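As stored in run.cif (mmCIF, C-alpha atoms and all ligand atoms):
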data_coords
loop_
_atom_site.label_atom_id
_atom_site.label_comp_id
_atom_site.auth_asym_id
_atom_site.auth_seq_id
_atom_site.Cartn_x
_atom_site.Cartn_y
_atom_site.Cartn_z
CA MET A 1 -43.12 -64.74 77.59
CA ILE A 2 -41.41 -66.69 74.78
CA ILE A 3 -43.77 -67.60 71.98
CA GLY A 4 -43.25 -69.73 68.88
CA ALA A 5 -44.56 -68.59 65.50
CA LEU A 6 -44.69 -70.58 62.30
CA GLU A 7 -45.73 -69.39 58.87
CA MET A 8 -46.29 -72.40 56.63
CA GLY A 9 -45.97 -71.49 52.97
CA GLY A 10 -45.99 -73.53 49.80
CA THR A 11 -42.33 -72.84 49.11
CA LYS A 12 -40.94 -72.06 52.55
CA MET A 13 -41.66 -72.23 56.26
CA VAL A 14 -40.75 -69.26 58.43
CA CYS A 15 -40.03 -70.26 62.03
CA ALA A 16 -39.62 -67.60 64.69
CA VAL A 17 -39.61 -66.92 68.40
CA GLY A 18 -40.98 -63.69 69.77
CA ASP A 19 -43.13 -62.18 72.48
CA GLU A 20 -46.65 -60.95 73.15
CA ASN A 21 -45.78 -57.44 71.97
CA GLY A 22 -45.06 -58.61 68.46
CA ASN A 23 -41.27 -58.54 68.81
CA ILE A 24 -39.46 -61.21 66.80
CA TYR A 25 -36.17 -62.28 68.43
CA ASP A 26 -35.02 -64.95 66.05
CA LYS A 27 -36.18 -66.23 62.69
CA ILE A 28 -35.15 -68.92 60.21
CA THR A 29 -36.50 -70.18 56.92
CA VAL A 30 -36.87 -73.85 56.03
CA PRO A 31 -37.73 -75.01 52.50
CA THR A 32 -41.11 -76.72 52.11
CA THR A 33 -40.40 -80.19 50.71
CA ASN A 34 -42.43 -83.12 52.07
CA PRO A 35 -44.14 -83.06 55.49
CA LYS A 36 -41.78 -85.57 57.12
CA GLU A 37 -38.58 -83.79 56.20
CA THR A 38 -39.94 -80.27 56.65
CA PHE A 39 -41.58 -80.91 60.03
CA LYS A 40 -38.40 -82.56 61.32
CA GLU A 41 -36.46 -79.36 60.66
CA VAL A 42 -39.20 -77.10 62.04
CA ILE A 43 -39.56 -79.19 65.22
CA GLY A 44 -35.78 -79.18 65.59
CA TYR A 45 -35.84 -75.38 65.52
CA PHE A 46 -38.47 -75.00 68.23
CA THR A 47 -37.16 -77.76 70.50
CA GLY A 48 -35.36 -76.40 73.58
CA LYS A 49 -36.35 -72.78 72.91
CA GLY A 50 -38.70 -72.70 75.91
CA ILE A 51 -41.78 -71.59 73.98
CA CYS A 52 -45.02 -71.57 75.97
CA ALA A 53 -47.28 -71.84 72.90
CA LEU A 54 -47.01 -72.09 69.13
CA GLY A 55 -49.08 -70.18 66.58
CA ILE A 56 -49.31 -71.51 63.04
CA GLY A 57 -50.57 -69.65 59.98
CA SER A 58 -50.80 -72.15 57.15
CA PHE A 59 -51.42 -72.40 53.44
CA GLY A 60 -54.62 -74.28 52.78
CA PRO A 61 -57.25 -75.36 52.51
CA ILE A 62 -57.09 -76.35 56.19
CA ASP A 63 -59.57 -77.63 58.75
CA THR A 64 -60.07 -75.03 61.49
CA ASN A 65 -63.24 -76.51 62.91
CA LYS A 66 -62.34 -77.63 66.45
CA GLY A 67 -65.21 -80.13 66.52
CA SER A 68 -64.01 -81.92 63.41
CA LYS A 69 -62.06 -85.21 63.34
CA THR A 70 -59.57 -83.62 61.00
CA TYR A 71 -59.15 -80.38 62.97
CA GLY A 72 -55.63 -79.06 62.40
CA TYR A 73 -55.13 -80.80 59.07
CA ILE A 74 -54.24 -79.43 55.68
CA THR A 75 -57.07 -80.92 53.62
CA SER A 76 -57.55 -80.83 49.85
CA THR A 77 -54.48 -78.88 48.82
CA PRO A 78 -53.19 -79.38 45.27
CA LYS A 79 -49.68 -79.26 46.76
CA GLU A 80 -48.24 -82.72 46.29
CA GLY A 81 -47.62 -84.77 49.44
CA TRP A 82 -49.50 -82.38 51.74
CA THR A 83 -53.08 -83.58 51.33
CA ASP A 84 -54.59 -84.76 54.67
CA CYS A 85 -51.51 -83.70 56.59
CA ASN A 86 -52.02 -83.51 60.37
CA VAL A 87 -50.24 -80.27 61.28
CA VAL A 88 -51.55 -79.51 64.77
CA GLY A 89 -51.32 -83.14 65.92
CA THR A 90 -47.72 -83.40 64.78
CA PHE A 91 -46.59 -80.26 66.61
CA MET A 92 -48.66 -80.99 69.69
CA GLU A 93 -47.03 -84.38 70.05
CA ALA A 94 -43.52 -83.09 69.44
CA LEU A 95 -43.64 -79.86 71.48
CA ASN A 96 -46.42 -80.42 74.01
CA VAL A 97 -47.60 -76.80 74.10
CA PRO A 98 -50.93 -75.15 73.18
CA ILE A 99 -51.16 -74.66 69.43
CA GLY A 100 -53.07 -71.91 67.60
CA PHE A 101 -53.90 -72.74 64.00
CA ASP A 102 -55.45 -70.67 61.23
CA THR A 103 -54.94 -69.70 57.62
CA ASP A 104 -51.86 -67.76 56.57
CA VAL A 105 -54.06 -64.81 55.60
CA ASN A 106 -55.98 -64.78 58.88
CA ALA A 107 -52.62 -64.77 60.65
CA ALA A 108 -51.45 -61.85 58.52
CA LEU A 109 -54.69 -59.99 59.25
CA LEU A 110 -54.14 -60.48 62.99
CA GLY A 111 -50.58 -59.22 62.56
CA GLU A 112 -51.98 -56.02 61.04
CA VAL A 113 -54.72 -55.63 63.64
CA TYR A 114 -52.42 -56.08 66.64
CA TYR A 115 -49.08 -54.74 65.42
CA GLY A 116 -49.50 -53.14 62.01
CA GLY A 117 -51.66 -50.88 59.93
CA ALA A 118 -55.06 -51.71 61.42
CA ILE A 119 -54.52 -51.28 65.15
CA GLY A 120 -57.80 -50.58 66.91
CA LEU A 121 -59.97 -51.38 63.87
CA GLN A 122 -62.74 -53.98 64.06
CA ASN A 123 -63.62 -54.22 60.38
CA VAL A 124 -60.60 -54.95 58.24
CA ALA A 125 -59.57 -57.12 55.33
CA TYR A 126 -56.10 -58.35 54.42
CA TYR A 127 -55.39 -59.73 50.94
CA THR A 128 -52.25 -61.46 49.85
CA ILE A 129 -51.49 -61.40 46.14
CA GLY A 130 -48.55 -63.76 45.68
CA THR A 131 -48.12 -67.33 44.42
CA GLY A 132 -51.75 -67.68 45.44
CA ILE A 133 -54.41 -65.20 46.47
CA GLY A 134 -56.32 -65.24 49.73
CA ALA A 135 -57.95 -62.93 52.21
CA GLY A 136 -58.53 -62.67 55.92
CA ILE A 137 -61.64 -60.68 56.79
CA MET A 138 -62.53 -59.27 60.21
CA CYS A 139 -66.11 -58.11 60.82
CA GLY A 140 -67.13 -56.59 64.14
CA GLY A 141 -63.86 -57.74 65.70
CA ARG A 142 -64.29 -61.38 64.66
CA LEU A 143 -62.53 -63.28 61.91
CA LEU A 144 -65.06 -64.17 59.26
CA CYS A 145 -65.46 -67.94 59.19
CA GLY A 146 -68.43 -70.10 58.32
CA VAL A 147 -68.36 -73.88 58.17
CA SER A 148 -64.89 -73.37 56.76
CA HIS A 149 -62.46 -70.46 56.37
CA THR A 150 -62.93 -67.96 53.55
CA GLU A 151 -61.56 -68.71 50.08
CA ALA A 152 -61.74 -65.17 48.81
CA GLY A 153 -58.94 -65.72 46.31
CA HIS A 154 -61.15 -67.97 44.24
CA VAL A 155 -64.11 -65.68 43.70
CA LEU A 156 -65.24 -65.31 40.12
CA VAL A 157 -64.27 -62.22 38.17
CA ARG A 158 -65.27 -60.39 35.02
CA ARG A 159 -62.62 -60.35 32.34
CA TYR A 160 -60.62 -57.28 31.56
CA PRO A 161 -61.78 -56.20 28.08
CA GLY A 162 -59.62 -57.98 25.51
CA ASP A 163 -57.90 -60.29 28.01
CA THR A 164 -57.87 -63.75 26.41
CA TYR A 165 -55.61 -65.43 28.99
CA ALA A 166 -57.13 -68.79 30.00
CA GLY A 167 -56.28 -68.54 33.71
CA LYS A 168 -54.02 -70.52 36.01
CA CYS A 169 -56.23 -71.85 38.82
CA PRO A 170 -56.11 -75.67 38.82
CA PHE A 171 -59.73 -75.76 40.03
CA HIS A 172 -61.47 -72.87 38.19
CA LYS A 173 -59.00 -71.61 35.61
CA ASP A 174 -60.13 -67.96 35.40
CA CYS A 175 -61.12 -67.13 38.99
CA PHE A 176 -59.44 -64.17 40.74
CA GLU A 177 -56.33 -66.21 41.65
CA GLY A 178 -56.29 -67.78 38.19
CA MET A 179 -56.17 -64.35 36.57
CA ALA A 180 -54.16 -62.24 39.00
CA SER A 181 -51.66 -64.34 41.02
CA GLY A 182 -47.92 -63.91 40.44
CA PRO A 183 -47.73 -67.10 38.33
CA ALA A 184 -50.75 -65.93 36.26
CA ILE A 185 -49.00 -62.63 35.51
CA HIS A 186 -45.87 -64.54 34.54
CA GLU A 187 -47.72 -66.89 32.20
CA ARG A 188 -49.90 -64.20 30.61
CA TRP A 189 -47.09 -61.77 29.88
CA GLY A 190 -44.20 -64.22 29.42
CA ALA A 191 -41.93 -62.90 32.18
CA PRO A 192 -41.85 -62.94 35.99
CA ALA A 193 -44.01 -60.24 37.56
CA ASP A 194 -41.04 -58.50 39.16
CA GLU A 195 -39.50 -57.93 35.71
CA LEU A 196 -42.58 -56.21 34.29
CA SER A 197 -42.56 -53.01 36.37
CA ASP A 198 -42.47 -50.67 33.38
CA ARG A 199 -45.25 -52.39 31.38
CA ASN A 200 -48.33 -50.25 32.10
CA GLU A 201 -50.79 -52.69 30.52
CA VAL A 202 -49.69 -55.40 32.98
CA TRP A 203 -50.63 -53.29 35.99
CA GLU A 204 -53.80 -51.81 34.47
CA THR A 205 -55.02 -55.37 33.92
CA GLU A 206 -53.90 -56.51 37.37
CA ALA A 207 -55.55 -53.51 39.06
CA PHE A 208 -58.82 -54.26 37.25
CA TYR A 209 -59.00 -57.76 38.75
CA ILE A 210 -57.95 -56.69 42.23
CA ALA A 211 -60.31 -53.71 42.23
CA GLN A 212 -63.40 -55.70 41.37
CA CYS A 213 -62.74 -58.12 44.22
CA LEU A 214 -62.26 -55.22 46.61
CA VAL A 215 -65.52 -53.68 45.40
CA ASN A 216 -67.32 -56.96 46.09
CA LEU A 217 -65.77 -57.09 49.53
CA ILE A 218 -66.78 -53.49 50.26
CA LEU A 219 -70.35 -54.27 49.21
CA ILE A 220 -70.48 -57.37 51.42
CA ALA A 221 -68.48 -56.41 54.49
CA SER A 222 -67.98 -52.60 54.49
CA PRO A 223 -64.49 -52.67 56.00
CA GLN A 224 -62.80 -49.65 57.55
CA ARG A 225 -59.53 -50.52 55.83
CA ILE A 226 -58.20 -52.97 53.24
CA ILE A 227 -54.55 -53.95 53.48
CA LEU A 228 -52.82 -55.51 50.48
CA GLY A 229 -49.68 -57.63 50.82
CA GLY A 230 -47.83 -60.46 49.07
CA GLY A 231 -45.07 -60.40 46.48
CA VAL A 232 -47.08 -58.83 43.65
CA MET A 233 -48.07 -55.88 45.84
CA HIS A 234 -44.44 -54.84 45.98
CA GLN A 235 -45.33 -53.12 42.70
CA MET A 236 -46.32 -49.89 44.40
CA GLN A 237 -47.66 -48.38 41.16
CA LEU A 238 -50.60 -50.76 41.61
CA PHE A 239 -52.02 -48.79 44.54
CA PRO A 240 -53.13 -45.64 42.69
CA LEU A 241 -54.46 -47.79 39.84
CA ILE A 242 -56.49 -49.98 42.21
CA ARG A 243 -57.85 -46.98 44.12
CA GLN A 244 -58.92 -45.29 40.89
CA GLN A 245 -60.61 -48.44 39.57
CA VAL A 246 -62.39 -49.07 42.88
CA LYS A 247 -63.79 -45.52 42.78
CA GLU A 248 -64.95 -45.97 39.18
CA MET A 249 -66.53 -49.37 39.79
CA MET A 250 -68.34 -48.17 42.93
CA THR A 251 -69.83 -45.18 41.02
CA GLY A 252 -70.46 -43.58 44.40
CA TYR A 253 -73.10 -46.16 45.27
CA VAL A 254 -71.72 -47.06 48.70
CA LYS A 255 -69.88 -44.28 50.47
CA TYR A 256 -68.84 -44.02 54.07
CA LYS A 257 -66.30 -41.98 55.99
CA GLU A 258 -63.44 -44.48 55.86
CA SER A 259 -63.90 -45.39 52.21
CA ASP A 260 -64.10 -41.74 51.17
CA ASP A 261 -60.46 -41.24 52.06
CA ILE A 262 -59.31 -43.84 49.57
CA ASP A 263 -55.57 -43.30 50.20
CA THR A 264 -55.91 -44.48 53.81
CA PHE A 265 -58.65 -46.99 52.93
CA ILE A 266 -56.69 -49.20 50.51
CA VAL A 267 -53.13 -49.44 51.77
CA PRO A 268 -49.96 -51.55 51.61
CA SER A 269 -48.83 -53.55 54.61
CA GLN A 270 -46.31 -51.70 56.77
CA LEU A 271 -44.87 -54.80 58.39
CA ASN A 272 -42.20 -55.63 55.79
CA ASP A 273 -43.57 -59.09 55.05
CA GLU A 274 -43.59 -59.94 58.78
CA GLN A 275 -47.39 -59.60 59.10
CA GLY A 276 -47.89 -63.38 58.87
CA ILE A 277 -45.27 -64.33 61.41
CA LYS A 278 -46.33 -61.57 63.83
CA GLY A 279 -49.93 -62.69 63.48
CA ALA A 280 -48.84 -66.25 64.29
CA LEU A 281 -47.65 -64.90 67.67
CA ARG A 282 -51.24 -63.74 68.21
CA LEU A 283 -52.61 -67.16 67.26
CA ALA A 284 -50.34 -68.67 69.92
CA LEU A 285 -51.53 -66.15 72.52
CA ASP A 286 -55.15 -66.93 71.66
CA ALA A 287 -54.42 -70.63 72.12
CA LEU A 288 -52.94 -69.89 75.56
P1 LIG A 301 -45.77 -66.77 48.51
O1 LIG A 301 -47.11 -66.36 47.97
O2 LIG A 301 -45.18 -67.92 47.76
O3 LIG A 301 -45.75 -66.96 49.98
P2 LIG A 301 -44.93 -64.12 47.74
O4 LIG A 301 -46.01 -63.41 48.45
O5 LIG A 301 -43.58 -63.47 47.73
O6 LIG A 301 -44.73 -65.59 48.26
O7 LIG A 301 -45.42 -64.29 46.24
C1 LIG A 301 -44.59 -64.82 45.25
C2 LIG A 301 -45.13 -64.34 43.89
O8 LIG A 301 -45.07 -62.93 43.86
C3 LIG A 301 -44.34 -64.85 42.71
O9 LIG A 301 -45.23 -65.22 41.67
C4 LIG A 301 -43.50 -63.66 42.29
O10 LIG A 301 -43.34 -63.61 40.88
C5 LIG A 301 -44.32 -62.49 42.75
N1 LIG A 301 -43.43 -61.41 43.18
C6 LIG A 301 -42.48 -61.46 44.13
N2 LIG A 301 -41.84 -60.27 44.24
C7 LIG A 301 -42.42 -59.46 43.32
C8 LIG A 301 -42.22 -58.10 42.93
N3 LIG A 301 -41.28 -57.33 43.49
N4 LIG A 301 -43.02 -57.61 41.98
C9 LIG A 301 -43.97 -58.35 41.39
N5 LIG A 301 -44.20 -59.64 41.71
C10 LIG A 301 -43.44 -60.18 42.65
ZN ZN A 302 -59.72 -70.81 41.71
#

Translate this structure into structure tokens?
Amino acid sequence: MIIGALEMGGTKMVCAVGDENGNIYDKITVPTTNPKETFKEVIGYFTGKGICALGIGSFGPIDTNKGSKTYGYITSTPKEGWTDCNVVGTFMEALNVPIGFDTDVNAALLGEVYYGGAIGLQNVAYYTIGTGIGAGIMCGGRLLCGVSHTEAGHVLVRRYPGDTYAGKCPFHKDCFEGMASGPAIHERWGAPADELSDRNEVWETEAFYIAQCLVNLILIASPQRIILGGGVMHQMQLFPLIRQQVKEMMTGYVKYKESDDIDTFIVPSQLNDEQGIKGALRLALDAL
């Protein structure tokens, strides 16, 4: 079975073909400019490849409500030119195959659940900490979704003592994403996050924000595992700091078997940044 997978990001689109076992046979990257230009290239890639379905994990916010008139659209994104963009309709018309559509983080979560570090688990969360922050949350085997998808990157956070940084979120300033995304780290400390590896205070601060959001998630959803991905999480020194802070903030209040073994409870992705594209294969299969 040949399946199409598309990861729509704010800076680039990853297009791939693979199979139901999570194998990726071919992959290209297309820069994200405006919808017309970008979609033309993406459609060109998939045309003639014989795909039987296409799965799309997209940046958001998006409309995933199948009963809605704007199902399959990117909705109120601050990304210029992409507001009210009909993603599913465009690909359906051009490729005429079933289309699966969900958030980039839900796709990444599915990648982990089917092919990565959460195989067989029913209660899992996946966070990406990159240009933006978002989470996919699975409870009892189902992706958490209410009227709309989760926006767990924009939850409100307590400030790290002494942190006077205003915050970078265009909507809330000092929400989780506003305080802890890659661009927030860059602006607060005056250098790109990947150049700050040896600055302990950077990662202590970062771990504080991430840990409190994980604690909130644990209190709400009691996951069996939390997987952290995205560019910022390439800083592996964050993991012990986050685990330590989570333990301190929990003060032993909620304890269960999986969370007790904190080293296997809060873990990096093992899919080498392919969790999103592999999860998009799953979205396509679900659409089939
Ligand atoms: P995106 O979120 O745009 O899809 P990424 O997940 O790679 O892509 O996130 C990009 C952000 O992560 C940038 O702000 C960048 O500074 C930061 N980043 C990328 N690589 C690293 C790294 N090795 N260490 C720390 N931060 C990084
Ligand atoms: Zn926000």

- Item | All residues 8 Å or closer to range 96-100 of chain A, all atoms listed in the file, same chain fewer than 3 positions away omitted, as a ChimeraX atom specification | /A:51-56,88,91-93,280,283-288

- Query: Using only C-alpha atoms, which residues sit within 6 Å of range 147-158 of chain A once same-chain residues fewer than 5 positions away are excluded, as a PyMOL selection string?
  - Reply: chain A and resi 133-135+175-177

Can you spit out the residues from that selection as a JSON list (two decimals), keeping the file's coordinate frame, using C-alpha atoms?
[["chain", "number", "residue", "atom", "x", "y", "z"],
["A", 133, "ILE", "CA", -54.41, -65.20, 46.47],
["A", 134, "GLY", "CA", -56.32, -65.24, 49.73],
["A", 135, "ALA", "CA", -57.95, -62.93, 52.21],
["A", 175, "CYS", "CA", -61.12, -67.13, 38.99],
["A", 176, "PHE", "CA", -59.44, -64.17, 40.74],
["A", 177, "GLU", "CA", -56.33, -66.21, 41.65]]

Could the residues of chain A that have an atom at most 8 Å from ligand LIG 301 (chain A) be listed as a Markdown table, each with its closest atom pair and the distance in Å to one decimal, counting only C-alpha atoms and all ligand atoms and ordered by chain and ascending residue number?
| residue | atom | partner | partner_atom | distance |
| --- | --- | --- | --- | --- |
| A:Gly9 | CA | A:LIG301 | O3 | 5.4 |
| A:Gly10 | CA | A:LIG301 | O2 | 6.0 |
| A:Thr11 | CA | A:LIG301 | O2 | 5.8 |
| A:Lys12 | CA | A:LIG301 | O3 | 7.5 |
| A:Thr128 | CA | A:LIG301 | O4 | 6.7 |
| A:Ile129 | CA | A:LIG301 | O4 | 6.3 |
| A:Gly130 | CA | A:LIG301 | O7 | 3.2 |
| A:Thr131 | CA | A:LIG301 | O1 | 3.8 |
| A:Gly132 | CA | A:LIG301 | O1 | 5.4 |
| A:Ile133 | CA | A:LIG301 | O1 | 7.5 |
| A:Ser181 | CA | A:LIG301 | O9 | 6.5 |
| A:Gly182 | CA | A:LIG301 | O9 | 3.2 |
| A:Pro183 | CA | A:LIG301 | O9 | 4.6 |
| A:Ala184 | CA | A:LIG301 | O9 | 7.8 |
| A:Ile185 | CA | A:LIG301 | O9 | 7.7 |
| A:His186 | CA | A:LIG301 | O10 | 6.9 |
| A:Pro192 | CA | A:LIG301 | O10 | 5.2 |
| A:Ala193 | CA | A:LIG301 | N5 | 4.2 |
| A:Asp194 | CA | A:LIG301 | N4 | 3.6 |
| A:Glu195 | CA | A:LIG301 | N4 | 7.2 |
| A:Leu196 | CA | A:LIG301 | C9 | 7.5 |
| A:Ser197 | CA | A:LIG301 | N4 | 7.3 |
| A:Gly229 | CA | A:LIG301 | O4 | 7.2 |
| A:Gly230 | CA | A:LIG301 | O4 | 3.5 |
| A:Gly231 | CA | A:LIG301 | O5 | 3.6 |
| A:Val232 | CA | A:LIG301 | N5 | 3.6 |
| A:Met233 | CA | A:LIG301 | C9 | 6.5 |
| A:His234 | CA | A:LIG301 | N3 | 4.7 |
| A:Gln235 | CA | A:LIG301 | N4 | 5.1 |

- Message: Given all atoms listed in the file as the basis, pick out the residue of A:Pro223, A:Gly190, A:Gly252, A:Pro170 nearest to Val124 in chain A.
- Response: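 Once distances to Val124 in chain A are computed over all atoms listed in the file, the minimum belongs to A:Pro223.
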
- Task: Please identify all polymer residues within 8 Å of Thr64 in chain A, counting only C-alpha atoms, omitting same-chain residues fewer than 3 positions from it, and present them as JSON, numbers by chain.
- Result: {"A": [71, 72, 73, 101, 102, 148, 149]}

- Which value, in Å to one decimal, gives the distance between CA of Gly276 in chain A and CA of Ala107 in chain A?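 Interatomic distance, CA of Gly276 in chain A to CA of Ala107 in chain A: 5.2 Å.
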
- Message: Here is a test: counting all atoms listed in the file, which residue of A:Val105, A:Ile226, A:Met179, A:Leu217 is nearest to ligand ZN 302 (chain A)?
- Response: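 Closest candidate: A:Met179.
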
- Task: May I have the residues at most 12 Å from (-60.1, -47.6, 38.3) in the file's coordinates, counting all atoms listed in the file, as a list in words?
- Result: Tyr160, Trp203, Glu204, Thr205, Glu206, Ala207, Phe208, Tyr209, Ile210, Ala211, Gln212, Leu214, Val215, Leu238, Phe239, Pro240, Leu241, Ile242, Arg243, Gln244, Gln245, Val246, Lys247, Glu248, Met249, Met250, Thr251 and Ile262 of chain A

- Length of the CA of Ile2 in chain A to CA of Asn23 in chain A vector [Å]: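 CA of Asn23 in chain A lies at a distance of 10.1 Å from CA of Ile2 in chain A.
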
- Fewer than 6 positions away in the same chain doesn't count, so skip those; otherwise give me all residues within 12 Å of Tyr45 in chain A, counting only C-alpha atoms, as a list in words.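 That gives Gly4, Ala5, Leu6, Met13, Val14, Cys15, Ala16, Val17, Asp26, Lys27, Ile28, Thr29, Val30, Thr38, Phe39, Ile51, Phe91, Ala94 and Leu95 of chain A.
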
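If you measure from each of A:Glu258, A:Glu187, A:Glu274, A:Asp174 to ligand ZN 302 (chain A) using all atoms listed in the file, the closest one turns out to be A:Asp174.
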
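As for CA of Gly81 in chain A and CA of Gly60 in chain A, they are spaced 13.0 Å apart.
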
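Candidate residues A:Phe171, A:Phe265, A:Phe59, A:Trp189 were compared for distance to ligand ZN 302 (chain A), and the nearest is A:Phe171, using only C-alpha atoms and all ligand atoms.
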